[in-house]
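Undergrad: Data file structure-v4.cif (mmCIF, C-alpha atoms) is appended below.
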```cif
data_query
loop_
_atom_site.label_atom_id
_atom_site.label_comp_id
_atom_site.auth_asym_id
_atom_site.auth_seq_id
_atom_site.Cartn_x
_atom_site.Cartn_y
_atom_site.Cartn_z
CA MET A 13 0.00 0.00 0.00
CA SER A 14 1.29 3.44 -0.80
CA SER A 15 1.89 5.94 1.92
CA THR A 16 -0.59 8.33 0.36
CA ALA A 17 -3.40 5.99 1.24
CA THR A 18 -2.79 6.22 4.93
CA SER A 19 -0.63 9.22 5.74
CA ILE A 20 -1.91 12.42 7.33
CA PRO A 21 0.09 15.46 6.20
CA ALA A 22 1.58 17.38 9.09
CA GLY A 23 -0.17 20.72 9.48
CA SER A 24 -3.47 19.62 7.93
CA PRO A 25 -6.53 20.48 10.06
CA TRP A 26 -8.34 17.37 8.79
CA ILE A 27 -8.32 13.89 10.28
CA ARG A 28 -7.82 12.24 6.89
CA SER A 29 -8.75 14.75 4.21
CA LYS A 30 -11.27 17.50 3.62
CA ARG A 31 -13.41 15.31 1.38
CA PHE A 32 -13.31 12.29 3.69
CA ASP A 33 -14.04 14.26 6.87
CA LEU A 34 -16.90 16.29 5.43
CA PHE A 35 -18.54 13.32 3.74
CA PHE A 36 -18.23 10.71 6.49
CA LEU A 37 -17.85 12.64 9.75
CA THR A 38 -19.74 15.93 9.52
CA MET A 39 -22.08 16.55 6.61
CA SER A 40 -23.36 12.99 6.84
CA GLY A 41 -25.29 14.38 9.81
CA ALA A 42 -28.05 14.99 7.25
CA LEU A 43 -28.65 11.23 7.39
CA VAL A 44 -30.18 11.74 10.84
CA PHE A 45 -33.46 12.66 9.12
CA PHE A 46 -33.46 9.87 6.54
CA PRO A 47 -34.89 7.03 8.69
CA TYR A 48 -37.76 9.20 9.90
CA LEU A 49 -38.53 10.38 6.37
CA SER A 50 -38.52 6.75 5.24
CA TYR A 51 -40.78 5.84 8.15
CA GLY A 52 -43.29 8.52 7.11
CA LEU A 53 -43.11 7.53 3.43
CA LEU A 54 -43.78 3.87 4.22
CA GLN A 55 -46.90 4.82 6.16
CA ARG A 56 -48.15 6.99 3.29
CA LEU A 57 -47.73 3.94 1.07
CA GLY A 58 -50.07 2.00 3.34
CA VAL A 59 -47.60 0.23 5.63
CA SER A 60 -48.67 0.09 9.28
CA GLU A 61 -46.83 2.19 11.86
CA ALA A 62 -45.38 -0.87 13.60
CA THR A 63 -44.22 -2.50 10.35
CA ALA A 64 -42.74 0.76 9.06
CA SER A 65 -40.78 1.17 12.29
CA LEU A 66 -39.56 -2.44 12.04
CA ILE A 67 -38.46 -2.04 8.40
CA VAL A 68 -36.53 1.14 9.18
CA GLY A 69 -34.89 -0.40 12.27
CA LEU A 70 -33.84 -3.57 10.47
CA SER A 71 -32.53 -1.61 7.47
CA VAL A 72 -30.33 0.61 9.63
CA THR A 73 -29.13 -2.42 11.61
CA VAL A 74 -28.16 -4.40 8.52
CA LEU A 75 -26.59 -1.55 6.53
CA VAL A 76 -24.62 0.37 9.17
CA GLY A 77 -25.60 -0.35 12.78
CA GLY A 78 -24.49 -3.97 12.83
CA PRO A 79 -21.41 -3.46 10.64
CA HIS A 80 -20.09 -0.63 12.83
CA MET A 81 -20.59 -2.74 15.94
CA TYR A 82 -18.79 -5.83 14.62
CA SER A 83 -15.94 -3.82 13.09
CA THR A 84 -14.82 -3.10 16.65
CA PHE A 85 -13.75 -6.71 17.09
CA LEU A 86 -11.31 -6.37 14.18
CA ARG A 87 -9.28 -3.96 16.33
CA THR A 88 -9.77 -5.69 19.67
CA THR A 89 -10.45 -9.39 20.25
CA LEU A 90 -9.03 -10.44 16.85
CA GLU A 91 -5.85 -8.39 17.23
CA PRO A 92 -2.98 -10.04 19.20
CA ARG A 93 -1.46 -6.65 20.07
CA PHE A 94 -4.68 -5.57 21.76
CA ARG A 95 -5.01 -8.87 23.63
CA ASN A 96 -1.41 -8.69 24.83
CA ARG A 97 -1.75 -5.08 25.93
CA TYR A 98 -5.04 -5.36 27.83
CA GLY A 99 -5.00 -9.00 28.93
CA TRP A 100 -8.07 -9.97 30.94
CA LEU A 101 -9.91 -6.79 29.94
CA THR A 102 -10.14 -8.32 26.45
CA TYR A 103 -11.97 -11.42 27.64
CA LEU A 104 -13.95 -10.24 30.67
CA PRO A 105 -16.71 -8.39 28.76
CA LEU A 106 -17.22 -11.39 26.47
CA VAL A 107 -18.39 -13.36 29.50
CA VAL A 108 -19.85 -10.79 31.90
CA ILE A 109 -21.82 -8.63 29.45
CA PRO A 110 -23.79 -11.39 27.64
CA THR A 111 -24.55 -12.98 31.03
CA LEU A 112 -25.97 -9.73 32.41
CA VAL A 113 -27.88 -9.04 29.19
CA ILE A 114 -29.56 -12.45 29.22
CA LEU A 115 -30.45 -12.11 32.90
CA GLY A 116 -31.85 -8.64 32.23
CA ALA A 117 -33.92 -9.88 29.28
CA LEU A 118 -35.35 -12.67 31.42
CA TYR A 119 -35.95 -10.92 34.74
CA ASN A 120 -35.91 -7.12 34.33
CA PHE A 121 -36.28 -6.11 30.70
CA LEU A 122 -37.13 -2.48 31.47
CA LEU A 123 -33.97 -2.02 33.54
CA LEU A 124 -31.98 -3.55 30.68
CA LEU A 125 -33.44 -1.10 28.15
CA THR A 126 -32.91 1.88 30.45
CA GLY A 127 -29.29 0.92 31.10
CA PHE A 128 -28.77 0.38 27.38
CA PHE A 129 -30.04 3.87 26.50
CA LEU A 130 -27.91 5.52 29.17
CA TRP A 131 -24.77 3.72 28.01
CA ALA A 132 -25.63 4.38 24.35
CA SER A 133 -25.85 8.12 25.00
CA LEU A 134 -22.47 8.06 26.75
CA HIS A 135 -21.01 6.02 23.90
CA VAL A 136 -22.06 8.36 21.09
CA THR A 137 -20.85 11.28 23.20
CA HIS A 138 -17.46 9.62 23.72
CA GLN A 139 -17.07 9.05 19.98
CA ALA A 140 -17.87 12.69 19.22
CA GLN A 141 -15.43 13.72 21.98
CA TYR A 142 -12.76 11.58 20.34
CA ILE A 143 -13.28 13.23 16.96
CA SER A 144 -13.34 16.72 18.47
CA GLU A 145 -10.18 16.10 20.46
CA THR A 146 -8.43 14.78 17.37
CA TYR A 147 -9.32 18.01 15.57
CA ARG A 148 -7.90 19.97 18.50
CA MET A 149 -4.61 18.11 18.18
CA ARG A 150 -4.58 18.55 14.40
CA ALA A 151 -4.92 22.32 14.97
CA GLY A 152 -1.88 22.22 17.25
CA ALA A 153 -3.92 23.35 20.24
CA PRO A 154 -3.24 22.16 23.80
CA VAL A 155 -5.69 19.46 24.87
CA ARG A 156 -6.64 19.87 28.51
CA ALA A 157 -8.82 17.55 30.55
CA ILE A 158 -11.31 20.36 31.06
CA ASP A 159 -11.71 20.74 27.27
CA ARG A 160 -12.47 17.04 26.95
CA TRP A 161 -15.09 17.16 29.70
CA LEU A 162 -16.69 20.33 28.37
CA ASP A 163 -17.00 18.87 24.87
CA GLY A 164 -18.67 15.81 26.33
CA ALA A 165 -20.99 17.85 28.54
CA VAL A 166 -22.22 20.11 25.74
CA ILE A 167 -23.01 17.09 23.52
CA LEU A 168 -24.59 14.94 26.23
CA GLY A 169 -26.55 17.89 27.60
CA ALA A 170 -27.90 18.66 24.13
CA LEU A 171 -29.03 15.05 23.75
CA TYR A 172 -30.99 15.19 27.02
CA LEU A 173 -32.25 18.78 26.63
CA MET A 174 -35.53 17.89 24.91
CA ALA A 175 -35.49 14.30 26.14
CA MET A 176 -35.83 15.51 29.73
CA TYR A 177 -39.35 16.80 29.06
CA LYS A 178 -40.37 13.34 27.86
CA PHE A 179 -38.71 11.67 30.84
CA VAL A 180 -40.58 13.77 33.41
CA GLU A 181 -43.87 13.14 31.58
CA SER A 182 -43.25 9.35 31.28
CA ARG A 183 -43.25 9.63 27.49
CA PHE A 184 -39.71 8.49 26.77
CA ALA A 185 -40.29 5.04 25.32
CA LEU A 186 -38.44 2.51 23.18
CA GLY A 187 -41.09 0.41 21.47
CA ASP A 188 -43.80 -0.30 24.04
CA SER A 189 -41.44 0.17 27.00
CA THR A 190 -41.30 3.49 28.83
CA LEU A 191 -37.82 3.88 30.26
CA LEU A 192 -37.24 4.14 33.98
CA PHE A 193 -36.93 7.58 35.55
CA PRO A 194 -37.02 8.44 39.29
CA GLU A 195 -40.57 9.24 40.38
CA PHE A 196 -39.49 12.13 42.61
CA LEU A 197 -38.02 13.87 39.56
CA LYS A 198 -41.12 13.58 37.41
CA HIS A 199 -42.04 17.25 37.59
CA ARG A 200 -41.96 19.77 34.76
CA TRP A 201 -39.82 22.16 36.79
CA VAL A 202 -37.05 19.57 36.70
CA ALA A 203 -36.98 19.72 32.89
CA VAL A 204 -37.21 23.53 32.95
CA ALA A 205 -34.36 23.73 35.47
CA PHE A 206 -32.28 21.42 33.26
CA THR A 207 -32.99 23.69 30.28
CA VAL A 208 -31.97 26.84 32.15
CA GLY A 209 -28.83 25.17 33.50
CA TYR A 210 -27.86 23.90 30.06
CA ALA A 211 -28.47 27.31 28.49
CA ALA A 212 -26.13 28.94 31.02
CA PHE A 213 -23.53 26.23 30.46
CA PHE A 214 -23.84 26.58 26.68
CA LEU A 215 -23.13 30.31 26.89
CA PHE A 216 -20.06 29.57 29.00
CA TYR A 217 -18.93 26.95 26.49
CA ALA A 218 -19.50 29.32 23.56
CA ALA A 219 -17.42 32.00 25.29
CA ARG A 220 -14.55 29.52 25.74
CA VAL A 221 -14.76 28.52 22.08
CA TRP A 222 -14.64 32.20 21.06
CA GLY A 223 -11.53 32.58 23.17
CA GLU A 224 -9.96 29.57 21.44
CA ILE A 225 -10.74 31.07 18.04
CA ARG A 226 -9.13 34.38 19.00
CA ARG A 227 -6.02 32.56 20.26
CA GLY A 228 -5.81 30.46 17.10
CA GLU A 229 -6.40 27.23 19.04
CA SER A 230 -9.41 26.07 17.06
CA SER A 231 -10.11 25.12 13.46
CA TRP A 232 -13.16 25.36 11.28
CA PRO A 233 -13.32 21.55 10.71
CA ARG A 234 -13.76 21.08 14.47
CA LEU A 235 -16.19 23.99 14.81
CA LEU A 236 -18.33 22.65 11.97
CA PHE A 237 -18.27 19.14 13.43
CA MET A 238 -19.21 20.27 16.95
CA THR A 239 -21.94 22.62 15.70
CA THR A 240 -23.51 19.82 13.66
CA THR A 241 -23.22 17.31 16.51
CA VAL A 242 -24.82 19.58 19.11
CA ALA A 243 -27.59 20.61 16.73
CA MET A 244 -28.46 17.02 15.77
CA SER A 245 -28.35 15.96 19.43
CA MET A 246 -31.00 18.55 20.24
CA VAL A 247 -33.22 17.60 17.30
CA VAL A 248 -33.35 13.79 17.58
CA PRO A 249 -35.44 13.52 20.80
CA LEU A 250 -38.11 15.90 19.41
CA PHE A 251 -39.80 13.25 17.26
CA ASP A 252 -42.72 11.18 18.50
CA ASN A 253 -41.35 7.75 17.58
CA LEU A 254 -38.05 7.66 19.44
CA ASP A 255 -37.18 4.19 18.09
CA VAL A 256 -37.05 5.62 14.57
CA SER A 257 -35.56 9.01 15.42
CA PHE A 258 -32.66 7.46 17.32
CA GLN A 259 -32.08 5.14 14.38
CA GLY A 260 -31.32 8.35 12.50
CA PHE A 261 -28.66 9.30 15.02
CA ASN A 262 -27.42 5.71 14.94
CA THR A 263 -27.05 5.92 11.15
CA TRP A 264 -24.77 8.95 11.36
CA HIS A 265 -22.81 7.64 14.34
CA SER A 266 -22.30 4.24 12.68
CA LEU A 267 -21.13 5.72 9.38
CA GLN A 268 -18.58 7.86 11.25
CA TYR A 269 -17.36 4.82 13.12
CA LEU A 270 -17.07 2.59 10.05
CA ALA A 271 -15.11 5.27 8.18
CA LEU A 272 -12.70 5.87 11.07
CA THR A 273 -12.21 2.14 11.69
CA TRP A 274 -11.44 1.47 8.02
CA PHE A 275 -9.01 4.40 7.95
CA ILE A 276 -7.27 3.39 11.18
CA LEU A 277 -6.95 -0.26 10.14
CA GLY A 278 -5.39 0.85 6.87
CA ARG A 279 -2.81 3.02 8.64
CA GLU A 280 -2.01 0.33 11.18
CA ALA A 281 -1.58 -2.31 8.48
CA ALA A 282 0.68 0.01 6.44
CA THR A 283 3.02 0.38 9.41
CA GLY A 284 3.04 -3.32 10.28
CA ARG A 285 0.98 -2.89 13.43
CA ILE A 286 -1.71 -5.45 12.60
CA GLU A 287 -0.63 -9.00 13.36
CA ASN A 288 -3.84 -10.80 12.42
CA LYS A 289 -3.52 -11.92 8.79
CA PHE A 290 -7.27 -12.04 8.23
CA VAL A 291 -7.78 -8.46 9.45
CA ARG A 292 -4.76 -7.28 7.49
CA GLY A 293 -6.38 -8.67 4.34
CA LEU A 294 -9.41 -6.41 4.84
CA THR A 295 -7.47 -3.16 5.00
CA GLY A 296 -6.32 -0.63 2.47
CA ALA A 297 -7.73 1.99 0.16
CA ARG A 298 -8.54 -0.63 -2.48
CA ARG A 299 -10.46 -2.93 -0.14
CA PRO A 300 -13.28 -0.92 1.45
CA PHE A 301 -15.93 -3.25 0.02
CA LYS A 302 -14.16 -6.33 1.38
CA PHE A 303 -14.01 -4.68 4.80
CA TYR A 304 -17.69 -3.71 4.60
CA ALA A 305 -18.81 -7.11 3.29
CA THR A 306 -17.12 -8.81 6.23
CA THR A 307 -19.03 -6.68 8.73
CA ILE A 308 -22.27 -7.35 6.82
CA ALA A 309 -21.57 -11.09 7.07
CA ALA A 310 -21.08 -10.79 10.84
CA THR A 311 -24.37 -8.88 11.10
CA THR A 312 -26.15 -11.56 9.09
CA SER A 313 -24.74 -14.28 11.35
CA ALA A 314 -26.09 -12.44 14.40
CA GLY A 315 -29.46 -12.22 12.63
CA VAL A 316 -29.50 -15.99 12.26
CA LEU A 317 -28.73 -16.35 15.98
CA TYR A 318 -31.61 -13.98 16.76
CA LEU A 319 -34.00 -16.13 14.72
CA ILE A 320 -32.82 -19.26 16.53
CA VAL A 321 -33.48 -17.66 19.92
CA TRP A 322 -36.85 -16.29 18.81
CA LYS A 323 -38.30 -19.09 16.68
CA GLY A 324 -36.24 -22.01 17.89
CA LEU A 325 -36.19 -21.40 21.64
CA GLY A 326 -39.55 -19.62 21.80
CA PHE A 327 -38.43 -16.36 23.42
CA ALA A 328 -40.46 -13.20 22.86
CA GLN A 329 -39.47 -11.36 19.67
CA ASP A 330 -38.33 -8.13 21.36
CA LYS A 331 -36.43 -9.90 24.11
CA SER A 332 -34.75 -12.20 21.58
CA TYR A 333 -33.65 -9.21 19.51
CA TYR A 334 -32.24 -7.26 22.45
CA ALA A 335 -30.65 -10.31 24.09
CA VAL A 336 -28.62 -11.07 20.95
CA THR A 337 -27.96 -7.48 19.87
CA LEU A 338 -27.00 -6.07 23.27
CA SER A 339 -24.69 -9.00 24.02
CA PHE A 340 -22.47 -7.76 21.20
CA LEU A 341 -23.36 -4.07 21.30
CA LEU A 342 -22.44 -3.53 24.95
CA CYS A 343 -19.11 -5.31 24.39
CA HIS A 344 -18.58 -2.86 21.54
CA TYR A 345 -19.28 0.01 23.96
CA PHE A 346 -16.84 -1.41 26.50
CA TYR A 347 -14.00 -1.80 23.99
CA ASP A 348 -14.59 1.66 22.55
CA HIS A 349 -14.05 3.30 25.91
CA ILE A 350 -10.54 1.87 25.57
CA LEU A 351 -10.07 2.68 21.88
CA PHE A 352 -11.31 6.25 22.27
CA ARG A 353 -8.48 6.96 24.68
CA ASP A 354 -5.82 6.00 22.11
CA PHE A 355 -5.05 8.80 19.66
CA GLU A 356 -1.85 7.31 18.24
CA PRO A 357 -3.59 5.73 15.19
CA LEU A 358 -4.74 9.21 14.12
CA GLU A 359 -1.51 11.11 14.76
CA PRO A 360 0.00 12.94 11.77
CA VAL A 361 3.01 11.37 10.11
CA ARG A 362 6.20 12.30 11.90
CA SER A 363 8.75 9.97 10.39
CA ARG A 364 9.39 7.90 7.33
CA GLU A 365 8.85 4.76 9.39
CA ARG A 366 5.25 5.76 10.14
CA VAL A 367 4.35 5.70 6.43
CA ALA A 368 6.50 2.84 5.26
CA ALA A 369 4.43 0.47 3.15
#
```
Can you give me the file's structure in the form of structure tokens?
TA:
Amino acid sequence: MSSTATSIPAGSPWIRSKRFDLFFLTMSGALVFFPYLSYGLLQRLGVSEATASLIVGLSVTVLVGGPHMYSTFLRTTLEPRFRNRYGWLTYLPLVVIPTLVILGALYNFLLLLTGFFLWASLHVTHQAQYISETYRMRAGAPVRAIDRWLDGAVILGALYLMAMYKFVESRFALGDSTLLFPEFLKHRWVAVAFTVGYAAFFLFYAARVWGEIRRGESSWPRLLFMTTTVAMSMVVPLFDNLDVSFQGFNTWHSLQYLALTWFILGREAATGRIENKFVRGLTGARRPFKFYATTIAATTSAGVLYLIVWKGLGFAQDKSYYAVTLSFLLCHYFYDHILFRDFEPLEPVRSRERVAA
């Protein structure tokens, strides 16, 4: 592989390139609306609300949601360097998480769904944090812990800004299940207080960003990315069918993740840092479809397992789906909290050895 396929020019404000970043990381935020538009179109064509929601959910899962989830394992459990570095942390989630998911599906499904949503919101926030922090480093700005926390807070707060009104009114539901929320907090003033607090925090954050701009510590790729992320986070919880609206956010998040994973694997393979021959064979600028097809195959295999649990073992359809999906998805979350702390794969090229083919 040539170095041009994987190198990041020193001094560039982009993670890979202007075209790549805008297409996969930022402007693809427009995809947030696509699942809901599809959901509405299907109903206008005569499809029932429940069936339309199911079609949209399965389509997102097969095309991007599942592939992004299973691509994580190419960098973690399948990679000897990762296993050697993190030891028991590689294997522990593979046992503990599926066990807890199955127990939750059997004995406290609502708690399982509530925990899943909370962790999912932290996960998408952590990924956006990771991208934002990478842009900070590409701009040559100092990256302080407070900046990392503030980025996370402004994104997570935006996600819960409108959602809080639905929580206090017991209207925040996934499918037929209304998520758990403390009874003593189910008052409208709680949501209003959250809104006022977030507004004050947002002004503080905006003032800090303005200071960064004046000091030359920011870049327009990061500003555009963060503006889009915060805006989409505010919009998603506004829709009535939260299953479908969050599939929109999942579409964008998953596309970002797939693009970054493909790019990182290509760079790591080019520098001899991938020891697994199978994974190495999926990398490179000329093999994106092979990489994608592999993640589709993994998603299909999980679909077969879901059908076995549902039709073969007689479990309820929704519990079968979540038991299989969350067993892998929550492992993906766990591993990403490790991967999103490692910025070395996205560092600009500093030596000839880093780009040696």
Undergrad: Which residue out of A:Ala271, A:Leu90, A:Val76, A:Val59 has the minimum interatomic distance to Arg292 of chain A when only C-alpha atoms are used?
TA: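 The closest residue to Arg292 of chain A is A:Leu90.
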Undergrad: Compile a residue-level contact table for segment 242-303 of chain A against segment 42-49 of chain A at a cut-off of 8 Å, reporting for every qualifying residue the shortest atom pair and its distance in Å to one decimal, with only C-alpha atoms counted, rows ordered by chain and ascending number, as a tab-separated table.
TA:
```
residue	atom	partner	partner_atom	distance
A:Met244	CA	A:Val44	CA	7.4
A:Val248	CA	A:Val44	CA	7.7
A:Val256	CA	A:Tyr48	CA	5.9
A:Ser257	CA	A:Tyr48	CA	5.9
A:Gln259	CA	A:Pro47	CA	6.6
A:Gly260	CA	A:Val44	CA	3.9
A:Phe261	CA	A:Val44	CA	5.1
A:Asn262	CA	A:Val44	CA	7.8
A:Thr263	CA	A:Val44	CA	6.6
A:Trp264	CA	A:Leu43	CA	6.0
```
Undergrad: Could you list the residues chosen by the PyMOL selection byres ((chain A and resi 331) around 9) in this structure as an MDAnalysis selection string?
TA: chainID A and resid 114 117:118 121 322 327:330 332:336
Undergrad: Between A:Pro194, A:Gly116, A:Gly278, A:Gly209, which has the minimum distance to Ala170 of chain A (counting only C-alpha atoms)?
TA: A:Gly209
Undergrad: Within 9 Å of segment 301-306 of chain A, counting all atoms listed in the file, which residues qualify if same-chain residues fewer than 6 places away don't, as a PyMOL selection string?
TA: chain A and resi 79+83+270+274+291+293-295
Undergrad: Between atom CA of Leu124 of chain A and atom CA of Leu112 of chain A, what distance in Å does the model show, to one decimal?
TA: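 About the pair atom CA of Leu124 of chain A and atom CA of Leu112 of chain A: they are 8.8 Å apart.
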Undergrad: With 12 Å as the cut-off and all atoms listed in the file counted, what is the closest atom pair between each nearby residue of segment 225-303 of chain A and segment 340-350 of chain A? Distances in Å to one decimal, ordered by chain and number, as a Markdown table.
TA:
```
| residue | atom | partner | partner_atom | distance |
| --- | --- | --- | --- | --- |
| A:Ser266 | CA | A:His344 | CA | 11.9 |
| A:Tyr269 | CA | A:Asp348 | CA | 10.3 |
| A:Thr273 | CA | A:Asp348 | CA | 11.1 |
```
Undergrad: Create the file for the chosen residues now, containing C-alpha atoms and written as a compact mmCIF listing (two decimals), keeping the file's coordinate frame.
TA:
```txt
# COMPACT_ATOMS: atom_id res chain seq x y z
CA SER A 266 -22.30 4.24 12.68
CA TYR A 269 -17.36 4.82 13.12
CA THR A 273 -12.21 2.14 11.69
```
Undergrad: Can you work out which one of A:Ile158, A:Met176, A:Val321, A:Leu267 has the shortest atom-to-atom distance to Tyr217 of chain A, counting all atoms listed in the file?
TA: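 Smallest separation from Tyr217 of chain A among the options: A:Ile158.
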Undergrad: Expand the PyMOL selection byres ((chain A and resi 206) around 12) into the individual residues it matches in the shown file, reporting them as a tab-separated table (two decimals) with C-alpha atoms, in the coordinates of the input.
TA:
```tsv
chain	number	residue	atom	x	y	z
A	169	GLY	CA	-26.55	17.89	27.60
A	170	ALA	CA	-27.90	18.66	24.13
A	171	LEU	CA	-29.03	15.05	23.75
A	172	TYR	CA	-30.99	15.19	27.02
A	173	LEU	CA	-32.25	18.78	26.63
A	174	MET	CA	-35.53	17.89	24.91
A	175	ALA	CA	-35.49	14.30	26.14
A	176	MET	CA	-35.83	15.51	29.73
A	177	TYR	CA	-39.35	16.80	29.06
A	179	PHE	CA	-38.71	11.67	30.84
A	180	VAL	CA	-40.58	13.77	33.41
A	197	LEU	CA	-38.02	13.87	39.56
A	199	HIS	CA	-42.04	17.25	37.59
A	200	ARG	CA	-41.96	19.77	34.76
A	201	TRP	CA	-39.82	22.16	36.79
A	202	VAL	CA	-37.05	19.57	36.70
A	203	ALA	CA	-36.98	19.72	32.89
A	204	VAL	CA	-37.21	23.53	32.95
A	205	ALA	CA	-34.36	23.73	35.47
A	207	THR	CA	-32.99	23.69	30.28
A	208	VAL	CA	-31.97	26.84	32.15
A	209	GLY	CA	-28.83	25.17	33.50
A	210	TYR	CA	-27.86	23.90	30.06
A	211	ALA	CA	-28.47	27.31	28.49
A	212	ALA	CA	-26.13	28.94	31.02
A	213	PHE	CA	-23.53	26.23	30.46
A	214	PHE	CA	-23.84	26.58	26.68
```
Undergrad: Apply the PyMOL selection byres ((chain A and resi 101) around 12) to the structure shown and report the selected residues as an MDAnalysis selection string.
TA: chainID A and resid 88:89 94:100 102:108 343 346:347 349:350
Undergrad: Rounded to one decimal, what separation in Å do you get between atom CA of Ile320 of chain A and atom CA of Leu338 of chain A?
TA: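 The value is 15.9 Å.
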Undergrad: Please put the answer as AutoDock Vina command-line options: centre and edge lengths, in Å with one decimal, of a box along x, y and z that encloses all listed atoms of segment 140-156 of chain A plus 3 Å on each side.
TA:
```
--center_x -9.9 --center_y 17.5 --center_z 21.5 --size_x 22.0 --size_y 17.8 --size_z 20.1
```
Undergrad: I'd like the interatomic distance between atom CA of Ala314 of chain A and atom CA of Gly78 of chain A, to a tenth of an Å.
TA: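 Atom CA of Gly78 of chain A lies 8.8 Å from atom CA of Ala314 of chain A.
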Undergrad: So that I can check the surroundings of Leu134 of chain A, please list as JSON, numbers by chain every protein, DNA and RNA residue that reaches within 10 Å of it, counting all atoms listed in the file and ignoring chain neighbours fewer than 4 positions away.
TA: {"A": [128, 129, 130, 138, 139, 140, 164, 167, 168, 345, 349]}
Undergrad: Would you mind listing what lies within 8 Å of Thr240 of chain A as an mmCIF file with C-alpha atoms, keeping the file's coordinate frame, with only C-alpha atoms counted and same-chain residues fewer than 4 positions away left out?
TA:
```cif
data_model
loop_
_atom_site.group_PDB
_atom_site.id
_atom_site.type_symbol
_atom_site.label_atom_id
_atom_site.label_comp_id
_atom_site.auth_asym_id
_atom_site.auth_seq_id
_atom_site.Cartn_x
_atom_site.Cartn_y
_atom_site.Cartn_z
ATOM 1 C CA THR A 38 -19.740 15.930 9.520
ATOM 2 C CA MET A 39 -22.080 16.550 6.610
ATOM 3 C CA GLY A 41 -25.290 14.380 9.810
ATOM 4 C CA LEU A 236 -18.330 22.650 11.970
ATOM 5 C CA MET A 244 -28.460 17.020 15.770
#
```
Undergrad: Counting only C-alpha atoms, which of A:Ala153, A:Leu272, A:Ile109, A:Leu75 gets nearest to Phe32 of chain A?
TA: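 Nearest to Phe32 of chain A: A:Leu272.
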